[in-house]
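*Asks:* This is the content of coords-v9.cif (mmCIF, C-alpha atoms):
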```cif
data_coords
loop_
_atom_site.label_atom_id
_atom_site.label_comp_id
_atom_site.auth_asym_id
_atom_site.auth_seq_id
_atom_site.Cartn_x
_atom_site.Cartn_y
_atom_site.Cartn_z
CA MET A 1 -70.28 -4.22 48.63
CA ALA A 2 -67.35 -4.35 51.05
CA ASP A 3 -65.40 -1.28 52.05
CA LYS A 4 -61.95 -0.53 50.64
CA GLY A 5 -60.09 -0.64 53.92
CA ASN A 6 -61.83 2.33 55.52
CA PRO A 7 -63.84 1.12 58.56
CA LEU A 8 -66.24 4.05 58.22
CA VAL A 9 -67.94 3.13 54.98
CA THR A 10 -70.99 4.91 53.60
CA LEU A 11 -74.41 3.82 54.77
CA ARG A 12 -75.34 2.94 51.19
CA SER A 13 -72.93 -0.02 51.24
CA TRP A 14 -74.37 -1.47 54.45
CA HIS A 15 -76.57 -4.57 54.48
CA ARG A 16 -79.94 -3.15 53.43
CA PRO A 17 -82.36 -5.56 55.21
CA LEU A 18 -80.53 -4.96 58.49
CA VAL A 19 -80.61 -1.19 57.96
CA VAL A 20 -84.35 -1.41 57.24
CA LEU A 21 -84.79 -3.44 60.44
CA ALA A 22 -82.92 -0.76 62.38
CA GLY A 23 -85.18 1.91 60.86
CA VAL A 24 -88.31 -0.01 61.89
CA MET A 25 -86.86 -0.31 65.40
CA GLY A 26 -86.43 3.47 65.43
CA VAL A 27 -90.11 3.89 64.64
CA LEU A 28 -91.04 1.34 67.32
CA CYS A 29 -88.82 3.16 69.81
CA ALA A 30 -90.67 6.42 69.19
CA ALA A 31 -94.06 4.66 69.42
CA SER A 32 -93.01 2.94 72.64
CA LEU A 33 -91.95 6.24 74.21
CA LEU A 34 -95.34 7.67 73.35
CA GLY A 35 -97.01 4.55 74.73
CA LEU A 36 -95.09 4.88 77.99
CA LEU A 37 -96.43 8.42 78.30
CA VAL A 38 -100.10 7.86 77.44
CA ASP A 39 -100.80 4.16 78.14
CA ASP A 40 -100.96 3.30 81.84
CA ARG A 41 -101.44 -0.46 81.37
CA THR A 42 -99.00 -2.79 83.12
CA LEU A 43 -97.98 -6.40 82.62
CA VAL A 44 -96.00 -8.41 85.21
CA ASN A 45 -95.69 -5.26 87.33
CA ALA A 46 -94.07 -3.24 84.53
CA PRO A 47 -95.41 -0.69 82.01
CA ILE A 48 -96.74 -2.63 79.04
CA TRP A 49 -94.71 -0.57 76.55
CA LEU A 50 -91.41 -1.01 78.40
CA LYS A 51 -90.36 -4.31 76.78
CA PRO A 52 -91.02 -3.08 73.20
CA PHE A 53 -89.04 0.05 74.07
CA LYS A 54 -86.05 -1.93 75.35
CA PHE A 55 -86.14 -4.40 72.47
CA SER A 56 -86.36 -1.60 69.89
CA ILE A 57 -83.15 -0.02 71.20
CA SER A 58 -81.26 -3.28 71.61
CA VAL A 59 -82.31 -4.82 68.29
CA GLY A 60 -81.84 -1.56 66.38
CA THR A 61 -78.32 -1.11 67.72
CA TYR A 62 -77.45 -4.74 67.06
CA ALA A 63 -78.84 -4.62 63.51
CA LEU A 64 -76.81 -1.53 62.59
CA THR A 65 -73.66 -3.05 64.07
CA LEU A 66 -74.16 -6.29 62.18
CA ALA A 67 -74.89 -4.36 58.97
CA TRP A 68 -71.61 -2.49 59.35
CA LEU A 69 -69.81 -5.69 60.30
CA LEU A 70 -70.86 -7.40 57.08
CA THR A 71 -69.23 -4.65 55.01
CA HIS A 72 -65.91 -6.15 56.10
CA VAL A 73 -66.73 -9.57 54.64
CA ARG A 74 -64.90 -10.11 51.36
CA ARG A 75 -64.67 -13.88 51.24
CA GLY A 76 -68.16 -15.36 51.23
CA ARG A 77 -69.85 -12.02 50.64
CA ARG A 78 -73.02 -13.56 49.19
CA ALA A 79 -73.30 -16.00 52.09
CA GLY A 80 -72.85 -13.09 54.48
CA TRP A 81 -75.70 -11.22 52.81
CA TRP A 82 -78.01 -14.20 53.31
CA PHE A 83 -76.91 -14.66 56.92
CA GLY A 84 -77.77 -11.03 57.62
CA THR A 85 -81.08 -11.28 55.79
CA VAL A 86 -82.20 -14.38 57.70
CA PHE A 87 -81.16 -12.67 60.94
CA ALA A 88 -83.19 -9.57 60.06
CA ALA A 89 -86.26 -11.64 59.14
CA GLY A 90 -86.09 -13.80 62.27
CA ILE A 91 -85.59 -10.97 64.73
CA GLY A 92 -88.04 -8.73 62.88
CA VAL A 93 -90.79 -11.33 63.23
CA ASP A 94 -89.90 -11.81 66.90
CA VAL A 95 -90.20 -8.11 67.73
CA GLY A 96 -93.44 -7.90 65.75
CA LEU A 97 -94.87 -10.75 67.82
CA ILE A 98 -93.76 -9.00 71.01
CA VAL A 99 -95.91 -6.03 70.01
CA VAL A 100 -98.87 -8.23 68.99
CA GLN A 101 -98.72 -10.38 72.11
CA MET A 102 -98.18 -7.65 74.66
CA ILE A 103 -99.80 -4.53 73.26
CA PHE A 104 -102.75 -5.99 71.34
CA ARG A 105 -103.39 -9.26 73.19
CA ASP A 106 -102.35 -7.98 76.61
CA HIS A 107 -100.51 -11.27 77.29
CA THR A 108 -96.97 -11.95 78.43
CA LEU A 109 -94.67 -13.27 75.72
CA HIS A 110 -91.78 -15.27 77.07
CA PHE A 111 -92.48 -18.61 78.76
CA ASN A 112 -96.27 -18.22 78.34
CA LYS A 113 -98.08 -21.57 77.96
CA THR A 114 -101.57 -20.38 78.94
CA THR A 115 -103.42 -20.94 75.63
CA PRO A 116 -102.66 -22.71 72.33
CA ALA A 117 -102.19 -19.27 70.72
CA ASP A 118 -99.64 -18.32 73.38
CA VAL A 119 -97.76 -21.59 72.81
CA ALA A 120 -97.79 -21.08 69.03
CA ILE A 121 -96.48 -17.51 69.34
CA ASN A 122 -93.77 -18.66 71.73
CA ASN A 123 -92.70 -21.39 69.32
CA VAL A 124 -92.40 -18.90 66.45
CA VAL A 125 -90.40 -16.49 68.63
CA ALA A 126 -88.11 -19.32 69.71
CA GLY A 127 -87.59 -20.23 66.06
CA GLY A 128 -86.63 -16.65 65.23
CA ALA A 129 -84.23 -16.49 68.16
CA TYR A 130 -82.56 -19.77 67.19
CA ALA A 131 -82.24 -18.54 63.59
CA ALA A 132 -80.57 -15.34 64.82
CA TRP A 133 -78.19 -17.38 66.99
CA LEU A 134 -77.25 -19.62 64.06
CA MET A 135 -76.76 -16.66 61.71
CA THR A 136 -74.52 -14.92 64.24
CA ALA A 137 -72.50 -18.15 64.54
CA ALA A 138 -72.21 -18.24 60.74
CA VAL A 139 -70.93 -14.65 60.67
CA VAL A 140 -68.33 -15.58 63.31
CA VAL A 141 -67.10 -18.35 61.01
CA LEU A 142 -66.97 -15.95 58.04
CA LEU A 143 -64.90 -13.47 60.02
CA LEU A 144 -62.29 -16.12 60.72
CA PHE A 145 -61.41 -16.00 57.02
CA GLN A 146 -61.27 -12.21 56.61
CA ARG A 147 -58.15 -10.07 56.64
CA LEU A 148 -58.50 -6.38 57.43
CA PRO A 149 -55.82 -3.68 57.18
CA ASP A 150 -55.96 -3.13 60.97
CA ARG A 151 -55.21 -6.25 63.02
CA ALA A 152 -56.75 -4.79 66.15
CA LEU A 153 -60.08 -4.27 64.38
CA THR A 154 -59.94 -7.81 63.00
CA SER A 155 -59.57 -9.20 66.52
CA ALA A 156 -62.31 -6.89 67.81
CA LEU A 157 -64.79 -8.09 65.19
CA ARG A 158 -64.03 -11.74 65.90
CA TRP A 159 -64.15 -11.37 69.67
CA GLY A 160 -67.26 -9.19 69.50
CA THR A 161 -69.29 -11.59 67.41
CA GLY A 162 -68.09 -14.54 69.48
CA LEU A 163 -69.19 -12.81 72.68
CA ALA A 164 -72.53 -11.91 71.11
CA LEU A 165 -73.01 -15.56 70.24
CA ALA A 166 -72.23 -16.57 73.83
CA GLY A 167 -74.62 -13.91 75.14
CA MET A 168 -77.42 -15.30 73.00
CA GLY A 169 -76.60 -18.77 74.31
CA VAL A 170 -77.12 -17.58 77.91
CA ALA A 171 -80.82 -17.18 77.06
CA MET A 172 -81.09 -20.98 76.89
CA LEU A 173 -80.58 -21.06 80.65
CA MET A 174 -83.85 -19.17 81.11
CA PHE A 175 -85.88 -22.19 80.06
CA SER A 176 -85.80 -23.89 83.46
CA PRO A 177 -88.76 -23.89 85.88
CA SER A 178 -88.95 -21.30 88.62
CA PRO A 179 -89.60 -22.49 92.21
CA ALA A 180 -93.37 -21.90 91.83
CA GLN A 181 -93.46 -23.63 88.43
CA GLN A 182 -91.53 -26.58 89.83
CA ALA A 183 -94.02 -26.89 92.68
CA VAL A 184 -96.86 -27.14 90.16
CA LEU A 185 -94.94 -29.76 88.19
CA ASP A 186 -94.20 -31.75 91.36
CA ALA A 187 -97.92 -31.74 92.13
CA GLY A 188 -98.65 -33.23 88.70
CA GLY A 189 -100.00 -30.01 87.17
CA LYS A 190 -99.07 -27.89 84.16
CA PRO A 191 -97.89 -24.37 84.97
CA ALA A 192 -99.22 -21.50 82.85
CA THR A 193 -95.62 -20.37 82.28
CA PHE A 194 -92.44 -22.40 82.02
CA GLY A 195 -89.11 -20.69 82.49
CA ALA A 196 -88.14 -17.28 83.85
CA HIS A 197 -85.65 -14.46 83.58
CA SER A 198 -85.05 -14.48 87.33
CA VAL A 199 -83.36 -17.20 89.38
CA GLY A 200 -84.48 -18.03 92.90
CA VAL A 201 -87.43 -15.63 92.76
CA GLU A 202 -90.44 -15.12 90.52
CA ASP A 203 -90.43 -12.69 87.59
CA GLY A 204 -92.18 -9.39 88.23
CA GLY A 205 -90.60 -8.63 91.58
CA PRO A 206 -88.57 -5.54 92.54
CA GLY A 207 -86.15 -4.51 89.80
CA LEU A 208 -83.83 -1.79 88.59
CA PRO A 209 -85.57 1.25 87.03
CA VAL A 210 -86.19 0.88 83.26
CA LEU A 211 -83.99 -2.21 82.95
CA GLY A 212 -86.18 -4.25 85.29
CA TRP A 213 -83.34 -6.53 86.38
CA SER A 214 -84.15 -8.19 89.68
CA THR A 215 -82.82 -6.55 92.84
CA VAL A 216 -83.78 -9.48 95.08
CA GLY A 217 -82.57 -12.50 93.10
CA GLY A 218 -80.46 -13.61 90.17
CA ASP A 219 -81.35 -12.39 86.69
CA LEU A 220 -80.12 -14.04 83.50
CA ARG A 221 -81.06 -11.01 81.42
CA ILE A 222 -77.91 -9.31 82.71
CA PRO A 223 -75.30 -11.67 81.20
CA HIS A 224 -77.55 -12.05 78.14
CA PHE A 225 -77.51 -8.28 77.62
CA VAL A 226 -73.80 -7.91 78.34
CA GLY A 227 -72.90 -10.76 75.99
CA ILE A 228 -74.90 -9.71 72.94
CA HIS A 229 -73.60 -6.15 73.12
CA GLY A 230 -70.01 -7.30 73.08
CA LEU A 231 -70.52 -6.85 69.34
CA GLN A 232 -70.54 -3.08 69.93
CA VAL A 233 -68.07 -2.87 72.81
CA LEU A 234 -65.05 -4.61 71.26
CA PRO A 235 -65.03 -2.63 67.97
CA LEU A 236 -65.45 0.57 70.00
CA VAL A 237 -62.40 -0.43 72.04
CA ALA A 238 -60.43 -0.98 68.82
CA PHE A 239 -61.48 2.44 67.47
CA GLY A 240 -60.72 4.06 70.82
CA LEU A 241 -57.20 2.64 70.85
CA LEU A 242 -56.71 3.87 67.29
CA LEU A 243 -57.72 7.40 68.32
CA LEU A 244 -55.47 7.26 71.41
CA ALA A 245 -52.56 6.14 69.23
CA ARG A 246 -52.46 9.66 67.74
CA ARG A 247 -51.37 11.04 71.10
CA ASN A 248 -49.74 7.97 72.62
CA PRO A 249 -46.95 6.50 70.49
CA ALA A 250 -46.97 3.33 72.62
CA LEU A 251 -50.21 2.42 70.83
CA ALA A 252 -48.92 3.16 67.34
CA SER A 253 -48.29 -0.51 66.58
CA ASP A 254 -51.38 -2.42 65.48
CA VAL A 255 -49.78 -5.50 67.08
CA VAL A 256 -49.89 -3.78 70.48
CA ARG A 257 -53.46 -2.65 69.91
CA ARG A 258 -54.47 -6.15 68.79
CA ARG A 259 -53.03 -7.63 71.99
CA LEU A 260 -54.93 -5.07 74.06
CA VAL A 261 -58.14 -5.89 72.19
CA ARG A 262 -57.60 -9.58 72.88
CA ILE A 263 -57.02 -8.85 76.55
CA THR A 264 -60.22 -6.80 76.61
CA GLY A 265 -62.08 -9.62 74.88
CA ALA A 266 -60.80 -12.16 77.37
CA GLY A 267 -61.73 -9.86 80.25
CA TYR A 268 -65.17 -9.29 78.77
CA ALA A 269 -65.64 -13.04 78.44
CA GLY A 270 -64.63 -13.38 82.08
CA LEU A 271 -67.22 -10.76 83.02
CA LEU A 272 -69.86 -12.68 81.08
CA VAL A 273 -68.98 -15.89 82.95
CA LEU A 274 -68.96 -14.03 86.28
CA LEU A 275 -72.39 -12.47 85.69
CA THR A 276 -73.86 -15.78 84.57
CA TRP A 277 -72.42 -17.54 87.63
CA GLN A 278 -73.79 -14.82 89.91
CA ALA A 279 -77.25 -15.03 88.36
CA GLN A 280 -77.34 -18.83 88.49
CA ARG A 281 -76.66 -18.65 92.23
CA GLY A 282 -79.80 -16.52 92.63
CA GLN A 283 -77.78 -13.46 93.63
CA SER A 284 -78.91 -9.96 92.74
CA ILE A 285 -76.59 -7.77 90.71
CA VAL A 286 -76.91 -5.06 93.39
CA HIS A 287 -76.11 -7.39 96.31
CA PRO A 288 -72.90 -9.25 95.41
CA ASP A 289 -71.40 -11.40 98.14
CA PHE A 290 -67.73 -11.63 99.15
CA THR A 291 -67.08 -14.47 96.70
CA THR A 292 -68.46 -12.52 93.76
CA LEU A 293 -66.53 -9.37 94.70
CA THR A 294 -63.33 -11.37 95.09
CA ALA A 295 -63.77 -12.99 91.68
CA ALA A 296 -64.46 -9.57 90.14
CA ALA A 297 -61.32 -8.11 91.76
CA VAL A 298 -59.20 -10.99 90.46
CA LEU A 299 -60.62 -10.50 86.96
CA VAL A 300 -59.93 -6.75 86.98
CA GLY A 301 -56.42 -7.33 88.34
CA ALA A 302 -55.62 -9.96 85.71
CA VAL A 303 -56.75 -7.66 82.89
CA ALA A 304 -54.77 -4.73 84.30
CA VAL A 305 -51.59 -6.80 84.70
CA ALA A 306 -51.89 -8.26 81.20
CA ALA A 307 -52.38 -4.80 79.70
CA ALA A 308 -49.36 -3.46 81.62
CA VAL A 309 -47.20 -6.33 80.35
CA VAL A 310 -48.20 -5.55 76.75
CA LEU A 311 -47.63 -1.80 77.07
CA ARG A 312 -44.35 -1.90 79.00
CA PRO A 313 -42.04 -2.97 76.11
CA SER A 314 -43.52 -0.28 73.86
CA ALA A 315 -42.97 2.37 76.53
CA GLU A 316 -39.38 1.24 77.07
CA ILE A 317 -38.66 1.37 73.33
CA LEU A 318 -40.01 4.92 73.18
CA ARG A 319 -37.83 6.04 76.10
CA SER A 320 -34.74 4.50 74.53
CA THR A 321 -35.28 6.40 71.27
CA ARG A 322 -35.53 9.82 72.90
#
```
Reformat the file's structure so that it appears as structure tokens.

*Replies:*
Amino acid sequence: MADKGNPLVTLRSWHRPLVVLAGVMGVLCAASLLGLLVDDRTLVNAPIWLKPFKFSISVGTYALTLAWLLTHVRRGRRAGWWFGTVFAAGIGVDVGLIVVQMIFRDHTLHFNKTTPADVAINNVVAGGAYAAWLMTAAVVVLLLFQRLPDRALTSALRWGTGLALAGMGVAMLMFSPSPAQQAVLDAGGKPATFGAHSVGVEDGGPGLPVLGWSTVGGDLRIPHFVGIHGLQVLPLVAFGLLLLARRNPALASDVVRRRLVRITGAGYAGLLVLLTWQAQRGQSIVHPDFTTLTAAAVLVGAVAVAAAVVLRPSAEILRSTR
């Protein structure tokens, strides 16, 4: 059931399979925290429970956001329900296999080609990921045909799902051989793993605490993470502008807020491109070079100027009416 114009609908009207998935992720999050405390096993130089912990938070947040998002679908409501259900099933199976592969089999998951069982599990996980990507794309298409009372929120939902789709697509770049894997291939062998999160270095090296993102090379997990969570960031921006409008009359117009959301979306897309470009050059997120910093400064400046241009007419109108 869709909401009646109120963006904060009751939980009962949310997409049930996605809410159930989020609940399961909550249980996994608690179990992973306990595992991090009592289980000292490691895998690829990281605590063995760390990946399930990170996935439980990310997937749980994403599932709840998508469940809420689907309450705004009026045209194609039944199709939206199926898109959400297939997404929940695909990602649910993937996270379950992460737990089986890492916690019970003590094997790495991604890129693992060591045994036929590892290959089979990887193929199933890839299938679930592709299904989630396709379902997110389908939801993007559905949102193009929806009209909400608040134009800023409409733009936020469309930009957010589009960015999430792009973030999922970044993961495809991970399926290229690392330098060590390429050396094995050049020698006529078959590497035990094919693909990596890191660029220019091997996975498992020095990384940021908890996140694990490489501090010595590029890491495609960064733009992947930033992209998929655009689905939360853009609606939060729209809600934030709506709250600020109560104290700032310049934001009272939903046209102004929509333009600001679009500017934020464009800036966020620019950030996603910048982070992907940085990672592909094998550059660590904590050691940006002059070129990266310059590009980031230009991006921030462009967003700031665009926002100022949008807000200036509204401010002038307010001054003239005083």

*Asks:* Name the closest residue to Gly204 of chain A among the candidates A:Gly26, A:Leu271, A:Val95, A:Thr108; distances are taken between atoms, counting only C-alpha atoms.

*Replies:*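 The closest residue to Gly204 of chain A is A:Thr108.
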
*Asks:* What is the atom CA of Gly128 of chain A to atom CA of Pro235 of chain A distance in Å?

*Replies:* 25.9 Å

*Asks:* Can you pull out every residue within 10 Å of segment 296-304 of chain A, counting only C-alpha atoms, but drop anything in the same chain fewer than 2 positions away, and send it as a PyMOL selection string?

*Replies:* chain A and resi 260+263-268+270-271+274-275+288+290-294+306-309

*Asks:* Work out how far atom CA of Asn45 of chain A is from atom CA of Thr114 of chain A, in Å to one decimal.

*Replies:*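 So the answer is 18.3 Å.
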
*Asks:* For the atom pair atom CA of Gly167 of chain A and atom CA of His224 of chain A, what is the interatomic distance in Å to one decimal place?

*Replies:*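 So the two atoms, atom CA of Gly167 of chain A and atom CA of His224 of chain A, lie 4.6 Å apart.
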
*Asks:* For Gly200 of chain A, which of A:Ala269, A:Met168, A:Val119, A:Leu220 is the closest residue, counting only C-alpha atoms?

*Replies:*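 Of A:Ala269, A:Met168, A:Val119, A:Leu220, the one nearest Gly200 of chain A is A:Leu220, counting only C-alpha atoms.
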
*Asks:* Please tell me which residues are no farther than 10 Å from (-77.5, -0.5, 55.6) in the file, counting only C-alpha atoms, and write them as an MDAnalysis selection string.

*Replies:* chainID A and resid 10:23 63:68 70:71

*Asks:* Where does the PyMOL selection byres ((chain A and resi 143-154) around 7) land in this file, that is, which residues does it pick, as a PyMOL selection string?

*Replies:* chain A and resi 5+73-75+139-142+155-158+235+238+254-255+257-258+261

*Asks:* Quick one: which segment 74-151 of chain A residues come within 10 Å of segment 172-181 of chain A, and what is the nearest atom pair for each with the distance in Å to one decimal, counting all atoms listed in the file, rows ordered by chain and ascending number, as CSV?

*Replies:*
```
residue,atom,partner,partner_atom,distance
A:His110,CA,A:Phe175,CA,9.6
A:Phe111,CA,A:Phe175,CA,7.6
A:Tyr130,CA,A:Met172,CA,9.9
```

*Asks:* Which one of A:Ala252, A:Val59, A:Val124, A:Val226 sits closest to Leu272 of chain A if you count all atoms listed in the file?

*Replies:*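 Closest to Leu272 of chain A of all the choices is A:Val226.
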
*Asks:* Take the PyMOL selection byres ((chain A and resi 229) around 10), apply it to the structure above, and return the hits as a JSON list (two decimals) with C-alpha atoms, keeping the file's coordinate frame.

*Replies:*
```
[["chain", "number", "residue", "atom", "x", "y", "z"],
["A", 58, "SER", "CA", -81.26, -3.28, 71.61],
["A", 61, "THR", "CA", -78.32, -1.11, 67.72],
["A", 62, "TYR", "CA", -77.45, -4.74, 67.06],
["A", 65, "THR", "CA", -73.66, -3.05, 64.07],
["A", 160, "GLY", "CA", -67.26, -9.19, 69.50],
["A", 161, "THR", "CA", -69.29, -11.59, 67.41],
["A", 163, "LEU", "CA", -69.19, -12.81, 72.68],
["A", 164, "ALA", "CA", -72.53, -11.91, 71.11],
["A", 165, "LEU", "CA", -73.01, -15.56, 70.24],
["A", 167, "GLY", "CA", -74.62, -13.91, 75.14],
["A", 168, "MET", "CA", -77.42, -15.30, 73.00],
["A", 223, "PRO", "CA", -75.30, -11.67, 81.20],
["A", 224, "HIS", "CA", -77.55, -12.05, 78.14],
["A", 225, "PHE", "CA", -77.51, -8.28, 77.62],
["A", 226, "VAL", "CA", -73.80, -7.91, 78.34],
["A", 227, "GLY", "CA", -72.90, -10.76, 75.99],
["A", 228, "ILE", "CA", -74.90, -9.71, 72.94],
["A", 230, "GLY", "CA", -70.01, -7.30, 73.08],
["A", 231, "LEU", "CA", -70.52, -6.85, 69.34],
["A", 232, "GLN", "CA", -70.54, -3.08, 69.93],
["A", 233, "VAL", "CA", -68.07, -2.87, 72.81],
["A", 234, "LEU", "CA", -65.05, -4.61, 71.26]]
```

*Asks:* Just segment 140-162 of chain A, please, as a PDB file, in the first residue's frame (only N, CA, C and O atoms).

*Replies:*
```pdb
ATOM      1  N   VAL A 140      14.285   2.246 -10.487  1.00  0.00           N
ATOM      2  CA  VAL A 140      14.596   3.556 -11.069  1.00  0.00           C
ATOM      3  C   VAL A 140      13.590   3.893 -12.169  1.00  0.00           C
ATOM      4  O   VAL A 140      13.052   5.005 -12.242  1.00  0.00           O
ATOM      5  N   VAL A 141      13.333   2.929 -13.036  1.00  0.00           N
ATOM      6  CA  VAL A 141      12.379   3.148 -14.127  1.00  0.00           C
ATOM      7  C   VAL A 141      10.986   3.444 -13.571  1.00  0.00           C
ATOM      8  O   VAL A 141      10.292   4.353 -14.036  1.00  0.00           O
ATOM      9  N   LEU A 142      10.565   2.678 -12.560  1.00  0.00           N
ATOM     10  CA  LEU A 142       9.254   2.927 -11.947  1.00  0.00           C
ATOM     11  C   LEU A 142       9.146   4.345 -11.395  1.00  0.00           C
ATOM     12  O   LEU A 142       8.107   5.003 -11.534  1.00  0.00           O
ATOM     13  N   LEU A 143      10.212   4.808 -10.771  1.00  0.00           N
ATOM     14  CA  LEU A 143      10.173   6.131 -10.148  1.00  0.00           C
ATOM     15  C   LEU A 143      10.053   7.254 -11.169  1.00  0.00           C
ATOM     16  O   LEU A 143       9.592   8.353 -10.837  1.00  0.00           O
ATOM     17  N   LEU A 144      10.461   6.981 -12.396  1.00  0.00           N
ATOM     18  CA  LEU A 144      10.341   7.998 -13.438  1.00  0.00           C
ATOM     19  C   LEU A 144       8.882   8.322 -13.729  1.00  0.00           C
ATOM     20  O   LEU A 144       8.574   9.385 -14.278  1.00  0.00           O
ATOM     21  N   PHE A 145       7.986   7.423 -13.363  1.00  0.00           N
ATOM     22  CA  PHE A 145       6.564   7.595 -13.674  1.00  0.00           C
ATOM     23  C   PHE A 145       5.725   7.941 -12.439  1.00  0.00           C
ATOM     24  O   PHE A 145       4.509   7.903 -12.495  1.00  0.00           O
ATOM     25  N   GLN A 146       6.408   8.273 -11.327  1.00  0.00           N
ATOM     26  CA  GLN A 146       5.675   8.610 -10.111  1.00  0.00           C
ATOM     27  C   GLN A 146       5.666  10.119  -9.904  1.00  0.00           C
ATOM     28  O   GLN A 146       6.628  10.804 -10.236  1.00  0.00           O
ATOM     29  N   ARG A 147       4.581  10.613  -9.354  1.00  0.00           N
ATOM     30  CA  ARG A 147       4.475  12.026  -8.988  1.00  0.00           C
ATOM     31  C   ARG A 147       4.178  12.131  -7.497  1.00  0.00           C
ATOM     32  O   ARG A 147       3.166  11.616  -7.038  1.00  0.00           O
ATOM     33  N   LEU A 148       5.059  12.804  -6.785  1.00  0.00           N
ATOM     34  CA  LEU A 148       4.876  12.980  -5.350  1.00  0.00           C
ATOM     35  C   LEU A 148       4.510  14.431  -5.054  1.00  0.00           C
ATOM     36  O   LEU A 148       4.808  15.327  -5.849  1.00  0.00           O
ATOM     37  N   PRO A 149       3.871  14.677  -3.907  1.00  0.00           N
ATOM     38  CA  PRO A 149       3.485  16.049  -3.572  1.00  0.00           C
ATOM     39  C   PRO A 149       4.681  17.002  -3.486  1.00  0.00           C
ATOM     40  O   PRO A 149       4.555  18.184  -3.773  1.00  0.00           O
ATOM     41  N   ASP A 150       5.837  16.502  -3.063  1.00  0.00           N
ATOM     42  CA  ASP A 150       7.027  17.335  -2.919  1.00  0.00           C
ATOM     43  C   ASP A 150       7.996  17.041  -4.062  1.00  0.00           C
ATOM     44  O   ASP A 150       8.499  15.926  -4.196  1.00  0.00           O
ATOM     45  N   ARG A 151       8.258  18.052  -4.886  1.00  0.00           N
ATOM     46  CA  ARG A 151       9.103  17.847  -6.061  1.00  0.00           C
ATOM     47  C   ARG A 151      10.558  17.574  -5.688  1.00  0.00           C
ATOM     48  O   ARG A 151      11.263  16.858  -6.394  1.00  0.00           O
ATOM     49  N   ALA A 152      10.992  18.142  -4.573  1.00  0.00           N
ATOM     50  CA  ALA A 152      12.364  17.897  -4.135  1.00  0.00           C
ATOM     51  C   ALA A 152      12.556  16.428  -3.769  1.00  0.00           C
ATOM     52  O   ALA A 152      13.572  15.812  -4.118  1.00  0.00           O
ATOM     53  N   LEU A 153      11.575  15.854  -3.070  1.00  0.00           N
ATOM     54  CA  LEU A 153      11.670  14.444  -2.697  1.00  0.00           C
ATOM     55  C   LEU A 153      11.620  13.547  -3.935  1.00  0.00           C
ATOM     56  O   LEU A 153      12.335  12.543  -4.007  1.00  0.00           O
ATOM     57  N   THR A 154      10.804  13.920  -4.910  1.00  0.00           N
ATOM     58  CA  THR A 154      10.748  13.145  -6.151  1.00  0.00           C
ATOM     59  C   THR A 154      12.119  13.083  -6.808  1.00  0.00           C
ATOM     60  O   THR A 154      12.595  12.018  -7.210  1.00  0.00           O
ATOM     61  N   SER A 155      12.777  14.243  -6.913  1.00  0.00           N
ATOM     62  CA  SER A 155      14.120  14.274  -7.502  1.00  0.00           C
ATOM     63  C   SER A 155      15.111  13.478  -6.668  1.00  0.00           C
ATOM     64  O   SER A 155      15.977  12.779  -7.209  1.00  0.00           O
ATOM     65  N   ALA A 156      14.981  13.582  -5.337  1.00  0.00           N
ATOM     66  CA  ALA A 156      15.910  12.860  -4.453  1.00  0.00           C
ATOM     67  C   ALA A 156      15.789  11.357  -4.641  1.00  0.00           C
ATOM     68  O   ALA A 156      16.807  10.644  -4.685  1.00  0.00           O
ATOM     69  N   LEU A 157      14.563  10.857  -4.749  1.00  0.00           N
ATOM     70  CA  LEU A 157      14.365   9.420  -4.924  1.00  0.00           C
ATOM     71  C   LEU A 157      14.935   8.956  -6.255  1.00  0.00           C
ATOM     72  O   LEU A 157      15.565   7.895  -6.354  1.00  0.00           O
ATOM     73  N   ARG A 158      14.726   9.733  -7.299  1.00  0.00           N
ATOM     74  CA  ARG A 158      15.233   9.351  -8.611  1.00  0.00           C
ATOM     75  C   ARG A 158      16.758   9.408  -8.663  1.00  0.00           C
ATOM     76  O   ARG A 158      17.410   8.484  -9.153  1.00  0.00           O
ATOM     77  N   TRP A 159      17.320  10.492  -8.165  1.00  0.00           N
ATOM     78  CA  TRP A 159      18.778  10.603  -8.132  1.00  0.00           C
ATOM     79  C   TRP A 159      19.388   9.524  -7.230  1.00  0.00           C
ATOM     80  O   TRP A 159      20.403   8.913  -7.578  1.00  0.00           O
ATOM     81  N   GLY A 160      18.774   9.299  -6.073  1.00  0.00           N
ATOM     82  CA  GLY A 160      19.328   8.331  -5.132  1.00  0.00           C
ATOM     83  C   GLY A 160      19.370   6.926  -5.682  1.00  0.00           C
ATOM     84  O   GLY A 160      20.388   6.229  -5.560  1.00  0.00           O
ATOM     85  N   THR A 161      18.276   6.490  -6.310  1.00  0.00           N
ATOM     86  CA  THR A 161      18.278   5.144  -6.875  1.00  0.00           C
ATOM     87  C   THR A 161      19.203   5.046  -8.082  1.00  0.00           C
ATOM     88  O   THR A 161      19.849   4.013  -8.301  1.00  0.00           O
ATOM     89  N   GLY A 162      19.278   6.119  -8.855  1.00  0.00           N
ATOM     90  CA  GLY A 162      20.209   6.115  -9.989  1.00  0.00           C
ATOM     91  C   GLY A 162      21.657   6.004  -9.536  1.00  0.00           C
ATOM     92  O   GLY A 162      22.454   5.258 -10.116  1.00  0.00           O
TER      93      GLY A 162
END
```
